[in-house]
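**Q** My file is model-v2.json. It has JSON, C-alpha atoms and all ligand atoms:
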```json
[["chain", "number", "residue", "atom", "x", "y", "z"],
["A", 28, "MET", "CA", 6.42, -52.35, 18.06],
["A", 29, "LYS", "CA", 6.92, -48.91, 16.53],
["A", 30, "GLY", "CA", 3.85, -49.50, 14.34],
["A", 31, "THR", "CA", 1.73, -50.50, 17.34],
["A", 32, "LYS", "CA", 2.71, -47.34, 19.22],
["A", 33, "ALA", "CA", 1.90, -45.18, 16.21],
["A", 34, "PHE", "CA", -1.47, -46.91, 15.85],
["A", 35, "ALA", "CA", -2.25, -46.41, 19.56],
["A", 36, "ALA", "CA", -1.35, -42.73, 19.28],
["A", 37, "LEU", "CA", -3.57, -42.31, 16.24],
["A", 38, "PHE", "CA", -6.43, -44.13, 17.98],
["A", 39, "ALA", "CA", -6.05, -41.90, 21.05],
["A", 40, "LEU", "CA", -6.22, -38.84, 18.82],
["A", 41, "LEU", "CA", -9.38, -40.14, 17.17],
["A", 42, "LEU", "CA", -10.99, -40.80, 20.52],
["A", 43, "ALA", "CA", -10.00, -37.33, 21.71],
["A", 44, "GLY", "CA", -11.92, -35.98, 18.75],
["A", 45, "THR", "CA", -9.23, -33.53, 17.59],
["A", 46, "PRO", "CA", -10.54, -31.17, 14.89],
["A", 47, "ALA", "CA", -8.25, -32.73, 12.28],
["A", 48, "PHE", "CA", -10.00, -36.09, 12.56],
["A", 49, "ALA", "CA", -13.40, -35.35, 14.01],
["A", 50, "ALA", "CA", -16.33, -36.17, 11.77],
["A", 51, "THR", "CA", -18.79, -33.29, 12.05],
["A", 52, "ALA", "CA", -22.51, -34.03, 11.90],
["A", 53, "ALA", "CA", -23.48, -30.46, 11.08],
["A", 54, "PRO", "CA", -21.62, -27.75, 9.18],
["A", 55, "GLN", "CA", -19.40, -25.72, 11.47],
["A", 56, "GLY", "CA", -17.08, -22.79, 11.07],
["A", 57, "ASP", "CA", -17.35, -19.15, 10.13],
["A", 58, "VAL", "CA", -18.06, -19.85, 6.49],
["A", 59, "PHE", "CA", -21.45, -21.31, 7.48],
["A", 60, "SER", "CA", -22.46, -18.33, 9.58],
["A", 61, "ARG", "CA", -22.08, -15.81, 6.75],
["A", 62, "VAL", "CA", -25.09, -13.51, 6.51],
["A", 63, "THR", "CA", -25.79, -11.34, 3.49],
["A", 64, "ALA", "CA", -27.08, -7.81, 3.96],
["A", 65, "ARG", "CA", -27.57, -5.02, 1.45],
["A", 66, "SER", "CA", -28.83, -2.44, 3.91],
["A", 67, "PHE", "CA", -26.72, -1.35, 6.87],
["A", 68, "THR", "CA", -27.04, 0.85, 9.95],
["A", 69, "GLY", "CA", -24.13, 2.90, 8.66],
["A", 70, "LYS", "CA", -22.37, 2.67, 12.02],
["A", 71, "ALA", "CA", -18.67, 3.13, 11.27],
["A", 72, "LEU", "CA", -16.33, 0.17, 11.67],
["A", 73, "PRO", "CA", -13.13, 0.73, 13.68],
["A", 74, "LEU", "CA", -9.92, 0.74, 11.62],
["A", 75, "ALA", "CA", -8.82, -2.28, 13.66],
["A", 76, "THR", "CA", -11.77, -4.22, 12.20],
["A", 77, "LEU", "CA", -10.80, -3.20, 8.67],
["A", 78, "ARG", "CA", -7.26, -4.40, 9.38],
["A", 79, "THR", "CA", -8.53, -7.75, 10.66],
["A", 80, "LEU", "CA", -10.69, -8.19, 7.55],
["A", 81, "THR", "CA", -7.72, -7.24, 5.37],
["A", 82, "ALA", "CA", -5.61, -9.88, 7.10],
["A", 83, "ALA", "CA", -8.30, -12.40, 6.17],
["A", 84, "ALA", "CA", -8.12, -11.27, 2.54],
["A", 85, "PHE", "CA", -4.36, -11.72, 2.53],
["A", 86, "SER", "CA", -4.73, -15.23, 3.97],
["A", 87, "ALA", "CA", -6.42, -16.49, 0.81],
["A", 88, "PRO", "CA", -4.45, -18.58, -1.67],
["A", 89, "THR", "CA", -3.49, -17.18, -5.10],
["A", 90, "ALA", "CA", -2.60, -18.97, -8.32],
["A", 91, "VAL", "CA", 1.12, -19.72, -8.57],
["A", 92, "ASP", "CA", 1.32, -17.73, -5.32],
["A", 93, "GLN", "CA", 1.29, -14.60, -7.47],
["A", 94, "ARG", "CA", -0.10, -12.40, -4.67],
["A", 95, "SER", "CA", -0.88, -9.55, -7.05],
["A", 96, "LEU", "CA", -4.07, -8.36, -5.33],
["A", 97, "GLU", "CA", -4.43, -4.83, -3.98],
["A", 98, "PHE", "CA", -7.00, -4.12, -1.24],
["A", 99, "PHE", "CA", -8.69, -0.73, -1.42],
["A", 100, "TRP", "CA", -10.99, 0.21, 1.48],
["A", 101, "VAL", "CA", -13.62, 2.89, 0.98],
["A", 102, "THR", "CA", -15.40, 4.48, 3.96],
["A", 103, "ASP", "CA", -15.91, 8.02, 2.63],
["A", 104, "ARG", "CA", -19.57, 8.53, 1.64],
["A", 105, "GLY", "CA", -18.58, 10.72, -1.29],
["A", 106, "VAL", "CA", -16.27, 8.06, -2.72],
["A", 107, "LEU", "CA", -18.87, 5.36, -1.99],
["A", 108, "GLY", "CA", -21.38, 7.41, -3.96],
["A", 109, "ARG", "CA", -19.02, 7.69, -6.94],
["A", 110, "LEU", "CA", -18.28, 3.98, -6.73],
["A", 111, "LYS", "CA", -22.01, 3.27, -6.81],
["A", 112, "THR", "CA", -22.24, 4.83, -10.29],
["A", 113, "ALA", "CA", -19.93, 2.06, -11.53],
["A", 114, "SER", "CA", -22.39, -0.75, -10.77],
["A", 115, "PRO", "CA", -26.21, -0.69, -10.99],
["A", 116, "TYR", "CA", -26.46, -3.67, -8.63],
["A", 117, "ALA", "CA", -24.31, -2.25, -5.85],
["A", 118, "THR", "CA", -27.24, -1.14, -3.68],
["A", 119, "ALA", "CA", -25.27, -1.97, -0.53],
["A", 120, "LEU", "CA", -23.04, 1.04, -1.23],
["A", 121, "ASP", "CA", -25.88, 3.38, -0.25],
["A", 122, "THR", "CA", -25.59, 2.47, 3.43],
["A", 123, "ALA", "CA", -22.51, 0.28, 3.99],
["A", 124, "PRO", "CA", -19.97, 1.88, 6.34],
["A", 125, "ALA", "CA", -17.06, 0.17, 4.59],
["A", 126, "VAL", "CA", -16.41, -1.53, 1.28],
["A", 127, "LEU", "CA", -13.33, -3.45, 0.28],
["A", 128, "VAL", "CA", -12.55, -3.23, -3.43],
["A", 129, "ILE", "CA", -10.34, -6.15, -4.37],
["A", 130, "CYS", "CA", -8.18, -5.28, -7.36],
["A", 131, "ALA", "CA", -5.55, -7.07, -9.40],
["A", 132, "ASN", "CA", -2.29, -5.26, -9.96],
["A", 133, "MET", "CA", -1.55, -6.37, -13.51],
["A", 134, "ARG", "CA", 2.12, -5.35, -13.23],
["A", 135, "ASP", "CA", 2.60, -8.13, -10.65],
["A", 136, "THR", "CA", 0.22, -10.66, -12.17],
["A", 137, "ARG", "CA", 1.73, -13.72, -13.83],
["A", 138, "ILE", "CA", -1.46, -15.52, -14.93],
["A", 139, "ALA", "CA", -4.08, -12.92, -15.82],
["A", 140, "ASP", "CA", -6.81, -15.50, -16.44],
["A", 141, "LEU", "CA", -6.64, -16.56, -12.79],
["A", 142, "VAL", "CA", -6.80, -13.23, -10.95],
["A", 143, "ALA", "CA", -10.60, -13.40, -10.80],
["A", 144, "PHE", "CA", -10.28, -16.66, -8.87],
["A", 145, "ASP", "CA", -7.67, -15.10, -6.58],
["A", 146, "ALA", "CA", -10.02, -12.20, -5.90],
["A", 147, "GLY", "CA", -12.96, -14.56, -5.31],
["A", 148, "ALA", "CA", -10.97, -16.55, -2.77],
["A", 149, "ALA", "CA", -9.97, -13.34, -0.98],
["A", 150, "ALA", "CA", -13.57, -12.12, -1.01],
["A", 151, "GLU", "CA", -14.83, -15.35, 0.54],
["A", 152, "ALA", "CA", -12.20, -15.09, 3.28],
["A", 153, "VAL", "CA", -13.45, -11.58, 4.08],
["A", 154, "LEU", "CA", -17.08, -12.78, 4.15],
["A", 155, "ALA", "CA", -16.17, -15.57, 6.58],
["A", 156, "GLU", "CA", -14.12, -13.28, 8.84],
["A", 157, "ALA", "CA", -16.92, -10.71, 8.84],
["A", 158, "ALA", "CA", -19.28, -13.44, 10.03],
["A", 159, "HIS", "CA", -16.78, -14.39, 12.71],
["A", 160, "LEU", "CA", -16.83, -10.79, 13.93],
["A", 161, "GLY", "CA", -20.64, -10.78, 13.98],
["A", 162, "LEU", "CA", -20.86, -8.49, 10.96],
["A", 163, "HIS", "CA", -22.93, -8.73, 7.80],
["A", 164, "SER", "CA", -21.63, -8.52, 4.27],
["A", 165, "VAL", "CA", -22.27, -8.85, 0.57],
["A", 166, "PRO", "CA", -19.95, -9.40, -2.39],
["A", 167, "MET", "CA", -20.53, -7.35, -5.55],
["A", 168, "SER", "CA", -18.79, -8.16, -8.80],
["A", 169, "LEU", "CA", -17.04, -5.60, -11.01],
["A", 170, "ALA", "CA", -14.97, -7.69, -13.46],
["A", 171, "PRO", "CA", -15.39, -8.80, -16.16],
["A", 172, "VAL", "CA", -17.83, -6.02, -17.11],
["A", 173, "LYS", "CA", -15.76, -3.29, -18.85],
["A", 174, "GLY", "CA", -18.05, -0.45, -17.77],
["A", 175, "ARG", "CA", -17.89, -1.47, -14.11],
["A", 176, "ILE", "CA", -14.10, -1.87, -14.20],
["A", 177, "GLU", "CA", -13.57, 1.52, -15.83],
["A", 178, "GLY", "CA", -16.23, 3.20, -13.67],
["A", 179, "SER", "CA", -14.67, 1.96, -10.44],
["A", 180, "GLN", "CA", -11.15, 2.84, -11.66],
["A", 181, "LYS", "CA", -12.38, 6.37, -12.25],
["A", 182, "ALA", "CA", -14.20, 6.57, -8.90],
["A", 183, "LEU", "CA", -11.10, 5.45, -7.01],
["A", 184, "GLY", "CA", -8.52, 7.25, -9.14],
["A", 185, "LEU", "CA", -6.78, 4.04, -10.19],
["A", 186, "SER", "CA", -4.36, 3.59, -13.08],
["A", 187, "ARG", "CA", -5.26, 1.16, -15.88],
["A", 188, "ASP", "CA", -2.89, -1.44, -14.39],
["A", 189, "ILE", "CA", -5.01, -1.75, -11.25],
["A", 190, "VAL", "CA", -8.09, -3.70, -12.27],
["A", 191, "PRO", "CA", -10.99, -3.92, -9.77],
["A", 192, "GLN", "CA", -12.39, -7.46, -9.62],
["A", 193, "ILE", "CA", -14.98, -7.66, -6.86],
["A", 194, "MET", "CA", -15.95, -5.62, -3.82],
["A", 195, "VAL", "CA", -17.24, -6.63, -0.42],
["A", 196, "ALA", "CA", -19.49, -4.40, 1.69],
["A", 197, "VAL", "CA", -19.30, -5.00, 5.45],
["A", 198, "GLY", "CA", -21.21, -3.58, 8.38],
["A", 199, "GLU", "CA", -24.04, -4.06, 10.83],
["A", 200, "LYS", "CA", -27.24, -4.86, 9.03],
["A", 201, "ALA", "CA", -30.19, -2.50, 9.32],
["A", 202, "PRO", "CA", -33.05, -3.88, 11.45],
["A", 203, "ASP", "CA", -35.32, -4.12, 8.39],
["A", 204, "ALA", "CA", -32.65, -5.59, 6.09],
["A", 205, "VAL", "CA", -33.56, -8.68, 4.13],
["A", 206, "SER", "CA", -30.68, -11.00, 4.80],
["A", 207, "GLY", "CA", -29.87, -14.58, 4.00],
["A", 208, "ALA", "CA", -27.40, -17.24, 4.87],
["A", 209, "SER", "CA", -25.86, -19.67, 2.47],
["A", 210, "ALA", "CA", -25.55, -22.50, 4.99],
["A", 211, "LYS", "CA", -28.92, -23.94, 4.02],
["A", 212, "ARG", "CA", -28.19, -24.24, 0.29],
["A", 213, "HIS", "CA", -26.61, -27.68, 0.35],
["A", 214, "ASP", "CA", -27.91, -29.66, -2.64],
["A", 215, "PRO", "CA", -26.93, -33.37, -2.65],
["A", 216, "ALA", "CA", -28.05, -33.69, -6.31],
["A", 217, "ARG", "CA", -25.08, -31.51, -7.28],
["A", 218, "VAL", "CA", -22.48, -33.58, -5.45],
["A", 219, "HIS", "CA", -20.65, -36.37, -7.30],
["A", 220, "LEU", "CA", -18.18, -38.96, -6.10],
["A", 221, "ASN", "CA", -15.81, -40.52, -8.64],
["A", 222, "THR", "CA", -18.57, -40.89, -11.26],
["A", 223, "TRP", "CA", -21.29, -38.42, -12.21],
["A", 224, "LYS", "CA", -24.04, -40.80, -11.03],
["A", 225, "ASN", "CA", -22.54, -41.48, -7.60],
["A", 226, "GLY", "CA", -23.61, -39.14, -4.83],
["A", 227, "LEU", "CA", -21.89, -38.53, -1.54],
["B", 1, "LIG", "C1", -19.55, -13.24, -7.98],
["B", 1, "LIG", "C2", -20.69, -12.63, -7.22],
["B", 1, "LIG", "C3", -21.19, -11.42, -7.62],
["B", 1, "LIG", "C4", -22.21, -10.80, -6.90],
["B", 1, "LIG", "N1", -22.64, -9.55, -7.27],
["B", 1, "LIG", "C5", -23.60, -8.94, -6.55],
["B", 1, "LIG", "C6", -23.99, -7.60, -6.87],
["B", 1, "LIG", "O1", -23.49, -6.98, -7.80],
["B", 1, "LIG", "N2", -24.94, -7.02, -6.09],
["B", 1, "LIG", "C7", -25.52, -7.68, -5.01],
["B", 1, "LIG", "O2", -26.36, -7.10, -4.34],
["B", 1, "LIG", "N3", -25.16, -8.96, -4.69],
["B", 1, "LIG", "C8", -24.21, -9.59, -5.42],
["B", 1, "LIG", "N4", -23.79, -10.86, -5.07],
["B", 1, "LIG", "C9", -24.41, -11.54, -3.92],
["B", 1, "LIG", "C10", -25.38, -12.62, -4.36],
["B", 1, "LIG", "O3", -26.48, -12.06, -5.02],
["B", 1, "LIG", "C11", -25.81, -13.44, -3.13],
["B", 1, "LIG", "O4", -24.67, -13.96, -2.53],
["B", 1, "LIG", "C12", -26.76, -14.54, -3.55],
["B", 1, "LIG", "O5", -28.01, -13.97, -3.85],
["B", 1, "LIG", "C13", -26.93, -15.61, -2.50],
["B", 1, "LIG", "O6", -27.44, -15.09, -1.33],
["B", 1, "LIG", "P1", -26.69, -15.35, 0.07],
["B", 1, "LIG", "O7", -25.42, -14.54, 0.00],
["B", 1, "LIG", "O8", -27.64, -14.85, 1.10],
["B", 1, "LIG", "O9", -26.39, -16.80, 0.19],
["B", 1, "LIG", "C14", -22.77, -11.46, -5.78],
["B", 1, "LIG", "C15", -22.28, -12.71, -5.40],
["B", 1, "LIG", "C16", -21.22, -13.28, -6.09],
["B", 1, "LIG", "C17", -20.67, -14.60, -5.63]]
```
Written as structure tokens, that's how I'd like the structure from this file.

**A**
Amino acid sequence: MKGTKAFAALFALLLAGTPAFAATAAPQGDVFSRVTARSFTGKALPLATLRTLTAAAFSAPTAVDQRSLEFFWVTDRGVLGRLKTASPYATALDTAPAVLVICANMRDTRIADLVAFDAGAAAEAVLAEAAHLGLHSVPMSLAPVKGRIEGSQKALGLSRDIVPQIMVAVGEKAPDAVSGASAKRHDPARVHLNTWKNGL
């Protein structure tokens, strides 16, 4: 009897199409609406927006729950300019109103080999939340390149224990910005189920 009731409840949930069970035909969610931009209007973002994006960064998982990341926002054009000298590919820093530099605090890090993954997960959370807020973004790597790590440490006045991993520029894209979206990159040939030859 108990089993029948449980089954009926589960069936009702399925019929109701609750998000936990619903099979989606098309990709949904903020992660699919991410839009890259490397050229921005420069319109300042409210501090409240930076706080919301920071909350997203903190929501990301970390290896062994080490939570050793430090989040360093830069909005000052002078500091952005100095940061730009650390990476030749950080063109977004020329116009972005805000950049989040995600660093690992090595004093609090238990598994150093995994902080890059922690930072990557946090960066992706920021990209998705930016999309949710209707903003554009681009990630730019710093680690593992020694020159970029040391250059950004110098630009931000960081001690050697605080190691920049990746930064995320966020803002409103310039009207002429070339932007893309990752949602259309799905490649079934690179998806495998149980064996290499089986697709999904
Ligand atoms: C680990 C990583 C490092 C990246 N570094 C840079 C960078 O230094 N400069 C840059 O302009 N874009 C950088 N990007 C952004 C990629 O170039 C971009 O995401 C890629 O071209 C795909 O385009 P899409 O974001 O429109 O899907 C980086 C992306 C990742 C994931």

**Q** List as a PyMOL selection string the protein and nucleic acid residues lying within 12 Å of ligand LIG 1 (chain B), with only C-alpha atoms and all ligand atoms counted.

**A** chain A and resi 58-66+111+113-121+123+143-144+146-151+154-155+158+163-172+175+192-196+204-213

**Q** Restricting the calculation to only C-alpha atoms, which member of A:Ala139, A:Ala71, A:Ile176, A:Leu160 is positioned closest to A:Ala90?

**A** A:Ala139

**Q** Using only C-alpha atoms, which of A:Arg104, A:Lys224, A:Arg78, A:Arg187 sits nearest A:Ala157?

**A**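 So, comparing all the options, the nearest one is A:Arg78.
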
**Q** Figure out the distance between atom CA of A:Leu77 and atom CA of A:Cys130, please, to one decimal in Å.

**A** 16.4 Å

**Q** Have a look at atom CA of A:Asp145 and atom CA of A:Leu80 and let me know their distance in Å, one decimal.

**A**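 Between atom CA of A:Asp145 and atom CA of A:Leu80 the gap works out to 16.0 Å.
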
**Q** Measuring between only C-alpha atoms, which one of A:Gly105, A:Pro88, A:Gly56, A:Gly161 shows the shortest distance to A:Glu199?

**A** A:Gly161

**Q** Quick check, in Å to one decimal: how far apart do atom CA of A:Thr102 and atom CA of A:Ile129 lie?

**A** 14.4 Å

**Q** When distances are computed from only C-alpha atoms, which of A:Ala216, A:Val126, A:Ala82, A:Val142 shows the smallest separation from A:Val197?

**A**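 Ranked by minimum distance to A:Val197, first place goes to A:Val126.
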
**Q** Nearest to A:Pro191: which of A:Phe99, A:Gly226, A:Asp214, A:Arg109 is it, counting all atoms listed in the file?

**A** A:Phe99

**Q** Which one is closest to A:Asp135: A:Ser86, A:Ser179, A:Ser186, A:Gln93? Count all atoms listed in the file.

**A**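 Answer, going by the shortest atom-to-atom distance: A:Gln93.
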